[in-house]
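Peer 1: What follows is a single structure, and I will ask about it in a moment.
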Amino acid sequence: MVFGPSANVSRRVTNRKVGILLPGWLICFFGFVANAAVETAPLADRDFDTAVESIRVENLKTHIGTLASDALQGREGGSTGGHAASAYLIQQLRQQKVEPAATERPFVQEFSGGMRNILASVPGRDARLRDEVVIVCAHFDHVGFGTPRNSRGPIGYIHNGADDNASGVAGLLEVVAAVRSLPQPPRRTLLFAFWDGEEKGMLGSKHWITAPTLPLSHVKLVINADMIGRLRPEGVEVTGTRTARGLRQLVSHANTAKSVASPQARLNFTWDMRADSDHHPFFAAGIPALMLHTGKHDDYHRPSDDADKLNYEGTQQLARLMLMLALRAAEADELPAFRIESRGETKDRQRLIEQPLPSPAPRLGITWNTQLSEQRIVEITEVVPQSPAAAAGFRIADRIERFASHAVSDVADFRSLVVIADRDVTAMVKRPGRSESLELSVRLAGEPTHLGLSWRTDDAEPESVILTQVIPHSPAALAGLKPLDRLRTIDKHSATSDQISKAAMSLPVTVTIERDGVITTKSINPISAAIVAAKPTVE
């Protein structure tokens with residue numbers, strides 16, 4: 001990462017029932033059709049799973065241990081150590097029998113200062129889509145012995161760059177091997193790019209864009225891995241999902257694939273598009289680009305960024321995510337075009353889209369004894385002046401027995417009843433000094449909430465809505481929905497304003513949501529009289 005702020009066997013075919021020999025041209029025709037069917041048949045889920053599971057910790061350790069060894073002297077671009085690193089990459093690619101993708105020398109695209117990009121490809125199987133390309137990439141250079149410009153010190157010592165970026169390169173090598181393990185290639189072509197000179201200003205990726213080894217217009221998506229070796233509980237940063245419509249969904253579905261990991265990594269989707277790694281030159285060229293990054297740390301650009309400090313299980317998880325993301329993109333019927341609006345999106349725009357709404361004002365206006373609530377008793381401790389409760393005649397020490405025609409057996413039920421109740425309701429309270437319960441007429445503030453959601457739409461996230469408010473104790477809140485969740489489907493329909501309105505009047509419904517890059521299914525149930533009445537009533 002840049003330092004700074006910045007086979008079909010021919011055989012005679014006979015009809016055994018009637019003993020007729022089929023003509024040769026007809027055999028060829030059927031053979032062509034069969035081959036075409038195989039060529040365009042989708043990869044099965046089991047193929048994805050097997051490929052993902054082939055990415056193993058021991059292989060990552062071998063690659064990182066080699067690339068981050070003292071023998072490579074920090075892999076500075078154009079140096080002897082950098083050339084040794086590129087030789088290792090070529091050796092690994094030859095073992096996987098992938099095709100060289102450079103035009104001058106096998107695998108090698110040379111450019112200024114003795115630097116070299118290492119390029120390989122797996123051509124797509126689909127005749128219609130194979131000219132479209134998904135680039136999966138990582139930079140293999142680091143800063144050598146360090147300089148005052150690129151090191152956080154001390155300089156003059158080997159900066160092994162285990163996380164930056166032996167981790168991303170190791171992950172990419174495993175992705176290459178996993179793709180080669182598939183029974184057939186994906187539909188689109190995959191270009192695997194190991195960039196040089198990233199630490200000197202993204203020189204390798206910039207050079208490729210000015211001297212591409214295939215038409216630049218063919219590149220539909222770039223997936224960059226830079227520093228994926230320090231996965232922590234707070235998750236992995238995902239950059240670039242706003243560069244094309246629907247990329248956040250693509251990444252989330254890849255992350256939630258059952259074979260990637262359990263539990264799935266938490267994804268932190270950032271709007272920032274900083275010029276700090278090799279995804280950015282593609283973004284600047286108008287190509288959708290993503291980056292995975294586990295964040296900086298105290299060893300960043302220091303000699304102490306060594307292999308023994310990495311989270312190898314986390315690196316495996318992210319390499320598997322990178323593979324699944326690449327395969328889903330390469331198999332998709334269509335990939336979205338570059339989203340021009342992503343170039344000008346600001347923090348203010350992000351706040352406008354993602355700022356949660358405040359909670360609504362209380363509908364009743366009371367507080368209660370929390371200790372007694374543990375005994376399933378709702379006893380009033382405060383009546384807010386000029387509130388609906390005050391106007392209805394509630395008093396301190398009243399115990400609420402019924403509300404809106406339902407028995408009140410605990411505080412949770414009561415709070416939910418207040419949320420969903422019509423504006424005009426009755427309440428039964430037990431008041432100290434009275435032998436009989438007292439009925440009070442209440443006119444609640446605001447309107448009843450049948451579902452409990454507010455939302456916004458966002459051009460970058462089609463076929464979903466962003467939840468900006470989940471009213472506490474509403475059916476949506478009880479189902480576990482939270483502000484900033486992405487609501488994807490409602491009863492298998494895409495989440496739209498119309499579908500949400502229908503759902504509010506037809507509970508229960510089943511929804512899928514995405515939160516922090518993990519997709520889950522939840523049921524939103526009505527707060528029904530049967531459920532509430534089944535609980536014991538406070539006497």
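Starting from 1 in every chain, residues are counted up; chains themselves are A, B, ... following the order of the structure tokens, and ligands are numbered from 1 as listed.
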When you look at A:Leu43 with a cut-off of 12 Å (counting only C-alpha atoms), what residues show up, excluding the ones that are within fewer than 3 positions of it in the same chain? I need them as a ChimeraX atom specification.
Peer 2: /A:38-40,46-51,125-126,179,182-187,327-328,330-332
Peer 1: Taking 3 positions as the minimum chain separation for residues in the same chain, which residues sit within 12 Å of stretch 486-494 of chain A when counting only C-alpha atoms? Answer as a PyMOL selection string.
Peer 2: chain A and resi 246+248-249+252-253+354+453-458+461-470+476+481-483+497-504+506-524
Peer 1: Please produce a file of those selected residues containing C-alpha atoms, as a JSON list (two decimals), in the first residue's frame.
Peer 2:
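out_15.json was written with the following content:
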[["chain", "number", "residue", "atom", "x", "y", "z"],
["A", 246, "GLY", "CA", -25.25, -3.23, -7.03],
["A", 248, "ARG", "CA", -22.44, -3.88, -2.38],
["A", 249, "GLN", "CA", -24.96, -6.66, -3.00],
["A", 252, "SER", "CA", -22.34, -9.25, 0.45],
["A", 253, "HIS", "CA", -23.60, -12.32, -1.39],
["A", 354, "GLU", "CA", -27.07, 7.01, 5.81],
["A", 453, "LEU", "CA", -39.76, 1.19, 9.62],
["A", 454, "SER", "CA", -38.59, 4.31, 7.85],
["A", 455, "TRP", "CA", -36.26, 4.06, 4.87],
["A", 456, "ARG", "CA", -34.44, 5.74, 2.02],
["A", 457, "THR", "CA", -33.50, 4.53, -1.43],
["A", 458, "ASP", "CA", -30.04, 4.91, -2.95],
["A", 461, "GLU", "CA", -27.96, 0.07, -4.16],
["A", 462, "PRO", "CA", -30.81, -0.95, -6.46],
["A", 463, "GLU", "CA", -33.55, -3.39, -5.44],
["A", 464, "SER", "CA", -33.09, -2.61, -1.76],
["A", 465, "VAL", "CA", -33.75, 0.14, 0.77],
["A", 466, "ILE", "CA", -31.68, 1.57, 3.61],
["A", 467, "LEU", "CA", -33.45, 1.53, 6.97],
["A", 468, "THR", "CA", -33.16, 4.97, 8.54],
["A", 469, "GLN", "CA", -35.40, 4.25, 11.53],
["A", 470, "VAL", "CA", -36.59, 1.16, 13.37],
["A", 476, "ALA", "CA", -39.58, -4.76, 13.01],
["A", 481, "LEU", "CA", -33.91, -5.11, 12.44],
["A", 482, "LYS", "CA", -31.71, -2.06, 13.04],
["A", 483, "PRO", "CA", -31.11, 1.34, 11.44],
["A", 497, "SER", "CA", -41.80, 1.26, -0.94],
["A", 498, "ASP", "CA", -44.93, -0.48, -2.23],
["A", 499, "GLN", "CA", -43.80, -3.84, -0.87],
["A", 500, "ILE", "CA", -43.07, -2.34, 2.55],
["A", 501, "SER", "CA", -46.50, -0.73, 2.66],
["A", 502, "LYS", "CA", -48.12, -4.06, 1.77],
["A", 503, "ALA", "CA", -46.06, -5.86, 4.40],
["A", 504, "ALA", "CA", -47.23, -3.49, 7.12],
["A", 506, "SER", "CA", -50.11, -8.34, 5.98],
["A", 507, "LEU", "CA", -47.85, -9.55, 8.79],
["A", 508, "PRO", "CA", -46.22, -12.00, 9.23],
["A", 509, "VAL", "CA", -43.61, -11.56, 6.49],
["A", 510, "THR", "CA", -40.16, -13.00, 5.87],
["A", 511, "VAL", "CA", -37.42, -10.54, 4.96],
["A", 512, "THR", "CA", -33.77, -10.73, 4.01],
["A", 513, "ILE", "CA", -31.46, -8.02, 5.26],
["A", 514, "GLU", "CA", -27.80, -7.19, 4.83],
["A", 515, "ARG", "CA", -25.89, -5.82, 7.78],
["A", 516, "ASP", "CA", -22.14, -5.20, 7.58],
["A", 517, "GLY", "CA", -21.89, -7.43, 4.52],
["A", 518, "VAL", "CA", -23.71, -10.41, 6.04],
["A", 519, "ILE", "CA", -27.11, -11.44, 4.63],
["A", 520, "THR", "CA", -29.64, -13.01, 7.00],
["A", 521, "THR", "CA", -33.32, -13.93, 6.94],
["A", 522, "LYS", "CA", -35.74, -12.73, 9.60],
["A", 523, "SER", "CA", -39.46, -13.09, 10.31],
["A", 524, "ILE", "CA", -41.52, -10.03, 11.24]]
Peer 1: Need the shell around A:Ala225: protein/DNA/RNA residues with any atom at most 8 Å away, counting only C-alpha atoms. Skip same-chain ones fewer than 3 positions apart. Format as an MDAnalysis selection string?
Peer 2: chainID A and resid 137:138 168:169 171:172 228 291:293 322
Peer 1: Of the candidates A:Pro215, A:Gly74, A:Gly365, A:Gly81, which shows the shortest atom-to-atom distance to A:Gly161, using only C-alpha atoms?
Peer 2: A:Gly74
Peer 1: Please list as a list in words every residue within 8 Å of stretch 193-196 of chain A, counting only C-alpha atoms and excluding residues in the same chain fewer than 4 positions away.
Peer 2: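 Those residues are Gly77, Met115, Arg116, Asn117, Ile118, Leu119, Ala120, Ile135, Val136, Cys137, Ala138, His139, Phe140, Asp141, Val169, Met202, Leu203, Gly204, Ser205 and Asp278 of chain A.
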Peer 1: Nearest residue to A:Ala460 out of A:Ile287, A:Leu247, A:Val134, A:Leu60, using only C-alpha atoms?
Peer 2: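 Result for the nearest residue to A:Ala460: A:Leu247.
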Peer 1: Could you state the separation of atom CA of A:Gln386 and atom CA of A:Ser359 in Å, given to one decimal place?
Peer 2: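 These atoms are spaced 19.6 Å apart.
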Peer 1: If DSSP is run on the backbone, what residues of stretch 434-485 of chain A are strand (DSSP E or B)? A reply as a list in words would be ideal.
Peer 2: Leu438, Glu439, Leu440, Ser441, Val442, Arg443, Leu453, Ser454, Trp455, Arg456, Val465, Ile466, Leu467, Thr468, Gln469 and Val470 of chain A
Peer 1: Skipping near chain neighbours, those fewer than 4 positions away, what residues fall within 12 Å of A:Arg363 using only C-alpha atoms, listed as number ranges by chain?
Peer 2: A: 359, 384, 386-390, 415-425, 442-449, 471-472
Peer 1: At a cut-off of 6 Å, using only C-alpha atoms, what residues contact A:Val429? Leave out same-chain residues fewer than 3 positions from it and give the result as a list in words.
Peer 2: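 Residues meeting the cut-off are Asp398, Arg399, Ile400, Glu401, Ser437 and Leu438 of chain A.
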Peer 1: Write a file of the selected residues as a PDB file, in the first residue's frame, keeping N, CA and C atoms.
Peer 2:
ATOM      1  N   ASP A 398     -50.170   3.915  39.917  1.00  0.00           N
ATOM      2  CA  ASP A 398     -51.134   3.091  39.179  1.00  0.00           C
ATOM      3  C   ASP A 398     -50.406   1.890  38.572  1.00  0.00           C
ATOM      4  N   ARG A 399     -51.083   0.741  38.599  1.00  0.00           N
ATOM      5  CA  ARG A 399     -50.557  -0.463  37.955  1.00  0.00           C
ATOM      6  C   ARG A 399     -51.441  -0.788  36.750  1.00  0.00           C
ATOM      7  N   ILE A 400     -50.830  -0.853  35.583  1.00  0.00           N
ATOM      8  CA  ILE A 400     -51.592  -1.052  34.349  1.00  0.00           C
ATOM      9  C   ILE A 400     -51.864  -2.544  34.162  1.00  0.00           C
ATOM     10  N   GLU A 401     -53.177  -2.883  34.119  1.00  0.00           N
ATOM     11  CA  GLU A 401     -53.584  -4.284  33.982  1.00  0.00           C
ATOM     12  C   GLU A 401     -53.951  -4.647  32.543  1.00  0.00           C
ATOM     13  N   SER A 437     -60.825  -2.006  39.728  1.00  0.00           N
ATOM     14  CA  SER A 437     -59.975  -1.425  38.696  1.00  0.00           C
ATOM     15  C   SER A 437     -60.663  -0.218  38.074  1.00  0.00           C
ATOM     16  N   LEU A 438     -59.866   0.706  37.603  1.00  0.00           N
ATOM     17  CA  LEU A 438     -60.365   1.946  37.029  1.00  0.00           C
ATOM     18  C   LEU A 438     -60.105   1.952  35.527  1.00  0.00           C
TER      19      LEU A 438
END
Peer 1: Hey, what does DSSP flag as alpha helix (DSSP H) within stretch 189-414 of chain A? Can you give it to me as JSON, numbers by chain?
Peer 2: {"A": [203, 204, 205, 206, 207, 208, 209, 210, 247, 248, 249, 250, 251, 252, 253, 254, 255, 256, 280, 281, 282, 283, 284, 312, 313, 314, 315, 316, 317, 318, 319, 320, 321, 322, 323, 324, 325, 326, 327, 328, 329, 330, 331, 347, 348, 349, 350, 351, 352, 353, 354, 370, 371, 372, 373, 388, 389, 390, 391, 392, 411, 412, 413, 414]}
Peer 1: Rounded to one decimal, what separation in Å do you get between atom CA of A:Met227 and atom CA of A:Asp163?
Peer 2: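 Between these atoms lies a distance of 5.1 Å.
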Peer 1: With only C-alpha atoms as the atoms that count, which of A:Glu345, A:Asp272, A:Glu313, A:Asp298 lies nearest to A:Ser151?
Peer 2: A:Asp298
